[in-house]
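Raw start37.cif, mmCIF, C-alpha atoms and all ligand atoms:
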data_entry
#
loop_
_atom_site.label_atom_id
_atom_site.label_comp_id
_atom_site.auth_asym_id
_atom_site.auth_seq_id
_atom_site.Cartn_x
_atom_site.Cartn_y
_atom_site.Cartn_z
CA MET A 70 -30.62 -1.14 12.77
CA ASN A 71 -28.47 0.54 10.10
CA SER A 72 -25.90 -1.54 8.30
CA ALA A 73 -22.98 -0.04 6.41
CA SER A 74 -22.42 -0.82 2.77
CA VAL A 75 -19.31 -2.93 2.27
CA ILE A 76 -16.61 -1.37 0.07
CA ASP A 77 -15.46 -4.22 -2.15
CA GLY A 78 -11.71 -3.93 -2.67
CA LYS A 79 -11.55 -7.13 -4.69
CA LEU A 80 -14.02 -5.76 -7.22
CA VAL A 81 -12.24 -2.41 -7.60
CA ALA A 82 -8.86 -4.15 -7.82
CA ARG A 83 -10.26 -6.29 -10.63
CA GLN A 84 -11.30 -3.11 -12.51
CA VAL A 85 -7.81 -1.66 -12.03
CA ARG A 86 -6.20 -4.87 -13.31
CA ARG A 87 -8.48 -4.90 -16.34
CA GLU A 88 -7.31 -1.38 -17.24
CA LEU A 89 -3.70 -2.41 -16.69
CA ARG A 90 -4.00 -5.37 -19.06
CA THR A 91 -4.83 -2.95 -21.89
CA ARG A 92 -1.77 -0.83 -21.08
CA VAL A 93 0.45 -3.92 -20.80
CA ALA A 94 -0.77 -5.12 -24.22
CA ALA A 95 0.18 -1.75 -25.72
CA LEU A 96 3.63 -1.95 -24.12
CA LYS A 97 4.18 -5.47 -25.42
CA ALA A 98 3.05 -4.45 -28.91
CA ALA A 99 5.75 -1.78 -28.75
CA GLY A 100 8.35 -4.37 -27.71
CA THR A 101 8.48 -3.83 -23.93
CA VAL A 102 7.62 -6.59 -21.46
CA PRO A 103 7.00 -4.89 -18.09
CA LYS A 104 9.04 -6.60 -15.42
CA LEU A 105 9.06 -6.35 -11.64
CA GLY A 106 11.98 -7.52 -9.48
CA ILE A 107 11.29 -8.48 -5.88
CA VAL A 108 14.06 -8.97 -3.33
CA LEU A 109 12.93 -11.27 -0.53
CA VAL A 110 15.42 -11.83 2.28
CA GLY A 111 14.91 -14.58 4.85
CA ASP A 112 11.99 -16.89 5.53
CA PHE A 113 9.41 -14.70 7.30
CA ALA A 114 6.20 -16.61 6.43
CA PRO A 115 3.85 -13.60 5.92
CA SER A 116 6.38 -12.04 3.51
CA GLU A 117 6.43 -15.27 1.49
CA ILE A 118 2.61 -15.06 1.27
CA TYR A 119 2.70 -11.38 0.16
CA VAL A 120 5.39 -12.07 -2.43
CA ARG A 121 3.44 -15.00 -3.88
CA SER A 122 0.32 -12.85 -4.17
CA LYS A 123 2.36 -10.18 -6.01
CA GLU A 124 3.76 -12.85 -8.36
CA ARG A 125 0.25 -14.17 -9.07
CA ALA A 126 -1.27 -10.72 -9.55
CA GLY A 127 1.59 -9.72 -11.87
CA ALA A 128 1.04 -12.80 -14.01
CA ARG A 129 -2.69 -11.98 -14.27
CA VAL A 130 -1.99 -8.64 -15.98
CA GLY A 131 0.98 -9.83 -18.05
CA ILE A 132 3.76 -8.37 -15.91
CA GLU A 133 6.78 -10.61 -15.51
CA VAL A 134 7.82 -10.98 -11.89
CA GLN A 135 11.29 -12.16 -10.89
CA THR A 136 11.91 -12.84 -7.22
CA ALA A 137 15.42 -13.01 -5.79
CA ARG A 138 15.10 -15.18 -2.69
CA LEU A 139 18.10 -14.48 -0.46
CA GLY A 140 19.02 -16.34 2.73
CA THR A 141 18.39 -14.99 6.24
CA LYS A 142 22.11 -14.39 6.76
CA THR A 143 22.50 -12.27 3.61
CA SER A 144 24.92 -9.39 4.22
CA PHE A 145 24.07 -5.79 3.45
CA GLU A 146 26.71 -5.87 0.69
CA GLU A 147 25.00 -8.82 -1.00
CA LEU A 148 21.60 -7.13 -0.72
CA SER A 149 22.89 -3.83 -2.08
CA GLY A 150 24.65 -5.72 -4.89
CA ARG A 151 21.33 -7.22 -5.99
CA ILE A 152 19.57 -3.83 -5.87
CA ARG A 153 22.37 -2.14 -7.83
CA THR A 154 22.38 -4.87 -10.48
CA TRP A 155 18.65 -4.40 -11.02
CA ASN A 156 18.96 -0.60 -10.96
CA SER A 157 21.13 -0.84 -14.07
CA ASP A 158 19.22 -3.71 -15.74
CA GLU A 159 17.05 -2.16 -18.46
CA THR A 160 14.73 -5.17 -18.59
CA ILE A 161 13.65 -4.58 -14.95
CA HIS A 162 11.25 -1.65 -14.60
CA GLY A 163 10.25 -1.88 -10.96
CA ILE A 164 12.10 -3.03 -7.82
CA ILE A 165 10.62 -3.98 -4.47
CA VAL A 166 12.56 -4.79 -1.34
CA GLN A 167 10.07 -6.85 0.65
CA MET A 168 9.80 -5.65 4.24
CA PRO A 169 10.52 -6.50 6.98
CA LEU A 170 14.19 -7.35 6.49
CA PRO A 171 16.00 -9.55 9.03
CA GLY A 172 17.11 -7.48 12.05
CA HIS A 173 20.79 -7.13 11.02
CA LEU A 174 19.89 -5.31 7.78
CA ASP A 175 19.14 -1.58 7.79
CA GLU A 176 15.75 -1.20 6.03
CA SER A 177 16.05 2.54 5.49
CA ALA A 178 19.51 2.20 3.97
CA ALA A 179 18.31 -0.61 1.69
CA LEU A 180 15.30 1.39 0.46
CA ALA A 181 17.52 4.38 -0.23
CA LEU A 182 19.53 2.30 -2.72
CA VAL A 183 16.57 1.65 -5.01
CA SER A 184 16.60 3.89 -8.09
CA PRO A 185 13.74 6.42 -7.67
CA ASP A 186 12.74 5.66 -11.29
CA LYS A 187 12.19 1.98 -10.38
CA ASP A 188 10.81 2.58 -6.88
CA VAL A 189 7.35 1.14 -7.49
CA ASP A 190 6.72 0.92 -3.73
CA GLY A 191 7.15 4.70 -3.57
CA LEU A 192 9.12 4.40 -0.34
CA THR A 193 12.52 5.89 -1.23
CA PRO A 194 13.33 9.23 0.40
CA THR A 195 13.20 10.81 -3.07
CA ASN A 196 9.67 9.66 -3.84
CA LEU A 197 8.36 10.36 -0.33
CA GLY A 198 9.92 13.84 -0.63
CA ARG A 199 8.28 14.40 -4.02
CA LEU A 200 4.93 13.48 -2.51
CA MET A 201 5.43 15.91 0.35
CA ALA A 202 6.53 18.62 -2.08
CA GLY A 203 3.27 18.18 -3.97
CA GLU A 204 5.03 16.68 -7.01
CA PRO A 205 4.19 13.00 -6.59
CA ALA A 206 5.89 10.41 -8.81
CA PHE A 207 5.43 6.84 -7.57
CA LEU A 208 2.90 6.77 -4.75
CA PRO A 209 3.25 4.20 -1.97
CA ALA A 210 0.90 1.39 -2.90
CA THR A 211 -1.29 1.14 0.20
CA PRO A 212 -2.08 4.87 0.51
CA ALA A 213 -2.60 5.04 -3.27
CA GLY A 214 -4.96 2.05 -3.04
CA ILE A 215 -6.98 3.69 -0.27
CA VAL A 216 -7.38 6.91 -2.25
CA GLU A 217 -8.30 4.94 -5.40
CA LEU A 218 -10.89 2.92 -3.45
CA LEU A 219 -12.46 6.09 -2.05
CA ALA A 220 -12.46 7.87 -5.41
CA ARG A 221 -13.96 4.96 -7.37
CA GLY A 222 -16.54 4.40 -4.63
CA GLY A 223 -17.69 8.01 -4.96
CA PHE A 224 -16.52 9.00 -1.47
CA GLU A 225 -15.32 12.59 -1.71
CA THR A 226 -12.36 13.67 0.34
CA ALA A 227 -12.42 17.38 -0.50
CA GLY A 228 -13.41 19.38 2.54
CA ARG A 229 -13.86 16.23 4.63
CA HIS A 230 -12.19 15.56 7.93
CA VAL A 231 -10.09 12.42 7.54
CA VAL A 232 -8.68 10.91 10.72
CA ILE A 233 -5.81 8.45 10.22
CA VAL A 234 -4.79 6.14 13.05
CA GLY A 235 -1.10 5.25 12.53
CA ARG A 236 1.90 7.32 11.44
CA SER A 237 4.13 4.78 9.69
CA ARG A 238 6.35 5.50 6.70
CA LEU A 239 4.42 2.80 4.82
CA VAL A 240 0.84 3.93 5.42
CA GLY A 241 -0.09 6.76 7.79
CA LYS A 242 2.38 9.49 6.86
CA PRO A 243 2.24 9.14 3.07
CA LEU A 244 -1.56 8.82 3.18
CA ALA A 245 -1.80 12.07 5.15
CA ASN A 246 0.34 13.81 2.53
CA LEU A 247 -1.67 12.35 -0.33
CA LEU A 248 -4.96 13.53 1.16
CA LEU A 249 -3.51 16.99 1.69
CA LEU A 250 -2.65 17.39 -2.00
CA LYS A 251 -4.78 19.88 -3.89
CA GLY A 252 -7.34 18.27 -6.19
CA ASP A 253 -10.44 16.16 -6.05
CA ARG A 254 -8.69 13.12 -4.53
CA GLY A 255 -7.17 15.29 -1.82
CA ASP A 256 -8.20 18.61 -0.32
CA ALA A 257 -9.05 16.90 2.96
CA THR A 258 -8.53 18.21 6.48
CA VAL A 259 -6.29 15.54 7.96
CA THR A 260 -5.62 14.50 11.53
CA VAL A 261 -3.02 11.80 12.23
CA CYS A 262 -3.19 9.83 15.51
CA HIS A 263 -0.66 7.39 16.90
CA SER A 264 0.22 5.35 19.97
CA ARG A 265 0.83 8.50 22.05
CA THR A 266 -2.46 10.19 21.18
CA PRO A 267 -4.26 10.45 24.53
CA ASN A 268 -7.89 10.91 23.46
CA LEU A 269 -8.10 8.55 20.49
CA ALA A 270 -11.84 7.86 20.74
CA GLU A 271 -12.70 11.55 20.84
CA VAL A 272 -10.52 12.36 17.80
CA CYS A 273 -11.90 9.39 15.82
CA LEU A 274 -15.46 10.56 16.56
CA GLY A 275 -14.68 13.75 14.65
CA ALA A 276 -13.94 11.85 11.43
CA ASP A 277 -16.04 11.94 8.28
CA ILE A 278 -13.62 9.32 6.98
CA LEU A 279 -11.70 7.17 9.46
CA VAL A 280 -8.65 5.22 8.25
CA VAL A 281 -7.17 2.76 10.72
CA ALA A 282 -3.64 1.43 10.19
CA ALA A 283 -2.35 0.50 13.63
CA GLY A 284 -2.00 -3.29 13.48
CA ARG A 285 -4.10 -3.77 16.64
CA ALA A 286 -7.08 -6.11 16.34
CA GLY A 287 -10.25 -4.64 17.82
CA LEU A 288 -8.73 -1.16 18.38
CA VAL A 289 -11.67 0.73 16.89
CA THR A 290 -15.03 0.06 18.50
CA SER A 291 -18.45 1.44 17.54
CA ASP A 292 -18.39 4.19 20.20
CA MET A 293 -15.39 5.72 18.36
CA VAL A 294 -17.23 6.12 15.05
CA ARG A 295 -19.60 8.91 14.12
CA GLN A 296 -22.99 7.88 12.70
CA GLY A 297 -22.63 7.80 8.90
CA ALA A 298 -18.81 7.91 8.77
CA VAL A 299 -16.82 6.01 6.13
CA VAL A 300 -14.37 3.55 7.69
CA VAL A 301 -11.28 2.15 5.98
CA ASP A 302 -9.60 -0.69 7.86
CA VAL A 303 -5.99 -1.20 6.79
CA GLY A 304 -4.98 -3.51 9.64
CA THR A 305 -4.12 -7.13 9.01
CA ASN A 306 -3.84 -9.17 12.16
CA ARG A 307 -3.48 -12.92 12.24
CA THR A 308 -5.58 -14.24 15.12
CA GLU A 309 -7.06 -17.57 16.14
CA HIS A 310 -10.18 -16.43 14.23
CA GLY A 311 -8.14 -15.92 11.04
CA LEU A 312 -7.17 -12.63 9.43
CA VAL A 313 -8.89 -9.62 11.02
CA GLY A 314 -8.52 -5.86 10.76
CA ASP A 315 -8.16 -3.17 13.43
CA VAL A 316 -11.88 -2.36 13.43
CA ASP A 317 -14.66 -4.26 15.17
CA PHE A 318 -16.40 -4.83 11.82
CA ALA A 319 -19.78 -6.11 13.06
CA ALA A 320 -20.34 -3.38 15.66
CA VAL A 321 -18.93 -0.51 13.58
CA SER A 322 -21.10 -1.58 10.61
CA THR A 323 -24.16 -0.49 12.60
CA ARG A 324 -22.88 3.12 12.71
CA ALA A 325 -20.77 3.64 9.60
CA SER A 326 -22.34 4.36 6.21
CA ALA A 327 -19.61 2.34 4.43
CA ILE A 328 -16.74 0.15 5.57
CA THR A 329 -13.93 -1.93 4.04
CA PRO A 330 -13.75 -5.61 5.06
CA VAL A 331 -10.59 -7.52 6.05
CA PRO A 332 -9.71 -9.44 4.00
CA GLY A 333 -11.02 -8.12 0.69
CA GLY A 334 -10.71 -4.38 1.26
CA VAL A 335 -7.43 -2.49 1.18
CA GLY A 336 -5.21 -5.56 0.62
CA PRO A 337 -6.19 -6.32 -3.00
CA MET A 338 -5.93 -2.60 -3.81
CA THR A 339 -2.37 -2.44 -2.48
CA VAL A 340 -1.25 -5.14 -4.89
CA ALA A 341 -3.18 -3.58 -7.80
CA MET A 342 -1.52 -0.19 -7.23
CA LEU A 343 1.89 -1.79 -7.10
CA LEU A 344 1.22 -3.30 -10.52
CA ALA A 345 -0.03 0.10 -11.74
CA ASN A 346 3.25 1.68 -10.62
CA THR A 347 5.20 -1.04 -12.47
CA VAL A 348 3.28 -0.40 -15.68
CA LYS A 349 3.87 3.34 -15.24
CA ALA A 350 7.60 2.72 -14.78
CA ALA A 351 7.71 0.55 -17.92
CA GLU A 352 5.84 3.23 -19.88
CA ALA A 353 8.33 5.86 -18.72
CA ALA A 354 11.44 3.75 -19.37
CA PRO A 355 13.69 4.94 -22.19
CA ARG A 356 13.23 3.02 -25.45
CA GLU A 357 15.78 2.21 -28.07
P1 LIG B 1 3.49 0.07 11.99
O1 LIG B 1 3.59 -0.87 13.13
O2 LIG B 1 4.69 0.55 11.29
O3 LIG B 1 2.70 1.37 12.49
C1 LIG B 1 1.58 1.28 13.32
C2 LIG B 1 1.16 2.68 13.71
O4 LIG B 1 0.00 2.58 14.52
C3 LIG B 1 2.20 3.43 14.50
O5 LIG B 1 2.34 4.74 13.99
C4 LIG B 1 1.64 3.48 15.93
O6 LIG B 1 1.93 4.71 16.58
C5 LIG B 1 0.15 3.35 15.69
N1 LIG B 1 -0.51 2.65 16.79
C6 LIG B 1 -0.20 1.43 17.30
N2 LIG B 1 -1.01 1.15 18.36
C7 LIG B 1 -1.83 2.20 18.49
C8 LIG B 1 -2.87 2.51 19.40
N3 LIG B 1 -3.23 1.64 20.38
N4 LIG B 1 -3.50 3.68 19.27
C9 LIG B 1 -3.16 4.55 18.30
N5 LIG B 1 -2.19 4.31 17.40
C10 LIG B 1 -1.54 3.16 17.50
O7 LIG B 1 2.47 -0.61 10.99
P2 LIG B 1 2.14 -0.33 9.43
O8 LIG B 1 3.21 -0.89 8.61
O9 LIG B 1 1.70 1.09 9.23
O10 LIG B 1 0.87 -1.26 9.29
C11 LIG B 1 -0.29 -1.04 10.05
C12 LIG B 1 -1.24 -2.19 9.84
O11 LIG B 1 -1.66 -2.20 8.49
C13 LIG B 1 -0.65 -3.59 10.08
O12 LIG B 1 -1.66 -4.43 10.59
C14 LIG B 1 -0.24 -4.04 8.70
O13 LIG B 1 -0.20 -5.44 8.57
C15 LIG B 1 -1.35 -3.44 7.89
N6 LIG B 1 -0.99 -3.19 6.49
C16 LIG B 1 -1.85 -3.68 5.56
C17 LIG B 1 -1.61 -3.44 4.24
C18 LIG B 1 -2.57 -3.95 3.23
O14 LIG B 1 -2.27 -3.93 2.05
N7 LIG B 1 -3.75 -4.40 3.63
C19 LIG B 1 -0.47 -2.73 3.83
C20 LIG B 1 0.37 -2.22 4.81
C21 LIG B 1 0.09 -2.45 6.15
#
With the file now loaded, output its structure as structure tokens.
Amino acid sequence: MNSASVIDGKLVARQVRRELRTRVAALKAAGTVPKLGIVLVGDFAPSEIYVRSKERAGARVGIEVQTARLGTKTSFEELSGRIRTWNSDETIHGIIVQMPLPGHLDESAALALVSPDKDVDGLTPTNLGRLMAGEPAFLPATPAGIVELLARGGFETAGRHVVIVGRSRLVGKPLANLLLLKGDRGDATVTVCHSRTPNLAEVCLGADILVVAAGRAGLVTSDMVRQGAVVVDVGTNRTEHGLVGDVDFAAVSTRASAITPVPGGVGPMTVAMLLANTVKAAEAAPRE
């Protein structure tokens, strides 16, 4: 029985971090310490885990990370005050507002306050618009990580049919736009599916590259995957069996030619690309 090769996100993320360390050293030699500011509101446990992994990863490449931990009852005015302060602080090069925010805070409105020049999550309307216009600046980290993983693994997207399951602002929609860009990391034919797509299995079967970002454990089974397809599993679902993706890994591995694991696939790449955006922001920042 065939078994897919496993696309090792940890390994590729390590390569990316190694390259970043060289760029950070050059920045520091020129007097700039790259710094990332994270705003974390409330006590949502998974967010605390993500923020800690960003802090650790930042430290590993020499980026300073400052986290503002704000209480669950923080008002929108307090949140916007923090974002505005960092927007005008020249020592902070990148700003992240960790999602999700507590229900009383408008996530879209908060994101829109982040200066596009410091928007290392690439999620402000300005940077999403630039991507759609074909003039990308800061790319959203997860889609950028997926494209980086495919490119470094030698999986061409040009002329391939990529099916994306999920249409979120964070993953599905920006990824579709990224893969539609002209150039050797794009030039794909892209289909985006979502919760109202009636014939999901049939559409997925048409994919040369299948990217699943639905947040539904076990959604993609082997009968939905074409023999030899490349499968990228973005999903992270906490279950009684631990962290699992959206793809039935064992069964799909018998049909796919390559597949990303969960954990150890897209996740480490997301963090690495976020750091890459921070270094890029520090490199672009005006110097005295
Ligand atoms: P979301 O909930 O905002 O969007 C999910 C999308 O999937 C929606 O567009 C919805 O229409 C679609 N969907 C849901 N059920 C479906 C179904 N049965 N059939 C077809 N489509 C369906 O989620 P998100 O923020 O895009 O995240 C998706 C998943 O990816 C989550 O598990 C999240 O934790 C994970 N994620 C992982 C990383 C990482 O770095 N590994 C980063 C971001 C998100």
task = Please indicate the distance in Å from CA of Ala298 in chain A to CA of Met342 in chain A, rounded to one decimal place.
result = 24.9 Å
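With CA of Met293 in chain A on one side and atom O4 of ligand LIG 1 (chain B) on the other, the separation reads 16.2 Å.
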request  = Would you list the residues that come within 10 Å of ligand LIG 1 (chain B)? Count all atoms listed in the file and give the answer as a ChimeraX atom specification.
outcome  = /A:115,119,168-169,209-212,214-215,233-242,261-270,281-289,302-307,312-315,331-341
Å distance separating CA of Leu200 in chain A from CA of Gly252 in chain A, one decimal place =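 Between CA of Leu200 in chain A and CA of Gly252 in chain A the gap works out to 13.7 Å.
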task = Rank A:Arg86, A:His230, A:Lys104, A:Arg121 by their smallest atom-to-atom distance to Asp158 in chain A, using only C-alpha atoms, and report the top residue only.
result = A:Lys104
message = Show me, as a list in words, the residues that have an atom within 9 Å of Val348 in chain A when counting all atoms listed in the file, minus same-chain residues fewer than 2 positions from it.
response = Leu89, Arg92, Val93, Leu96, Pro103, Lys104, Ile132, His162, Gly163, Leu343, Leu344, Ala345, Asn346, Ala350, Ala351, Glu352 and Ala353 of chain A
Can I get the selection written as a PDB file, keeping the file's coordinate frame, with C-alpha atoms?
ATOM      1  CA  LEU A  89      -3.700  -2.410 -16.690  1.00  0.00           C
ATOM      2  CA  ARG A  92      -1.770  -0.830 -21.080  1.00  0.00           C
ATOM      3  CA  VAL A  93       0.450  -3.920 -20.800  1.00  0.00           C
ATOM      4  CA  LEU A  96       3.630  -1.950 -24.120  1.00  0.00           C
ATOM      5  CA  PRO A 103       7.000  -4.890 -18.090  1.00  0.00           C
ATOM      6  CA  LYS A 104       9.040  -6.600 -15.420  1.00  0.00           C
ATOM      7  CA  ILE A 132       3.760  -8.370 -15.910  1.00  0.00           C
ATOM      8  CA  HIS A 162      11.250  -1.650 -14.600  1.00  0.00           C
ATOM      9  CA  GLY A 163      10.250  -1.880 -10.960  1.00  0.00           C
ATOM     10  CA  LEU A 343       1.890  -1.790  -7.100  1.00  0.00           C
ATOM     11  CA  LEU A 344       1.220  -3.300 -10.520  1.00  0.00           C
ATOM     12  CA  ALA A 345      -0.030   0.100 -11.740  1.00  0.00           C
ATOM     13  CA  ASN A 346       3.250   1.680 -10.620  1.00  0.00           C
ATOM     14  CA  ALA A 350       7.600   2.720 -14.780  1.00  0.00           C
ATOM     15  CA  ALA A 351       7.710   0.550 -17.920  1.00  0.00           C
ATOM     16  CA  GLU A 352       5.840   3.230 -19.880  1.00  0.00           C
ATOM     17  CA  ALA A 353       8.330   5.860 -18.720  1.00  0.00           C
TER      18      ALA A 353
END
task = May I have the residues within 10 Å of Ala319 in chain A as an MDAnalysis selection string, using only C-alpha atoms and disregarding those fewer than 3 positions away in the same chain?
result = chainID A and resid 72:73 290:291 316 322:324
Could you dump the residues just selected with C-alpha atoms as a PDB file, keeping the file's coordinate frame?
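The resulting file, part.pdb, is reproduced below:
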ATOM      1  CA  SER A  72     -25.900  -1.540   8.300  1.00  0.00           C
ATOM      2  CA  ALA A  73     -22.980  -0.040   6.410  1.00  0.00           C
ATOM      3  CA  THR A 290     -15.030   0.060  18.500  1.00  0.00           C
ATOM      4  CA  SER A 291     -18.450   1.440  17.540  1.00  0.00           C
ATOM      5  CA  VAL A 316     -11.880  -2.360  13.430  1.00  0.00           C
ATOM      6  CA  SER A 322     -21.100  -1.580  10.610  1.00  0.00           C
ATOM      7  CA  THR A 323     -24.160  -0.490  12.600  1.00  0.00           C
ATOM      8  CA  ARG A 324     -22.880   3.120  12.710  1.00  0.00           C
TER       9      ARG A 324
END
task = Tell me which protein, DNA and RNA residues are within 9 Å of Val110 in chain A, counting all atoms listed in the file, leaving out same-chain ones fewer than 2 positions away, and put them as a ChimeraX atom specification.
result = /A:108,112-113,137-143,148,166-171
Nearest to Arg199 in chain A by atom-to-atom distance, counting all atoms listed in the file, from A:Leu80, A:Leu247, A:Ile328, A:Val120 =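 Smallest separation from Arg199 in chain A among the options: A:Leu247.
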query = Which polymer residues have any atom within 10 Å of an atom of Ser184 in chain A, counting only C-alpha atoms, with same-chain residues fewer than 5 positions away left out, as a ChimeraX atom specification?
reply = /A:152-153,155-157,163-164,189,193,195-196
Kindly list the centre and edge lengths in Å, rounded to one decimal, for the axis-aligned box that covers all listed atoms of range 193-200 of chain A plus 3 Å on each of its six sides, as AutoDock Vina command-line options.
--center_x 9.1 --center_y 10.1 --center_z -1.8 --size_x 14.4 --size_y 14.5 --size_z 10.4
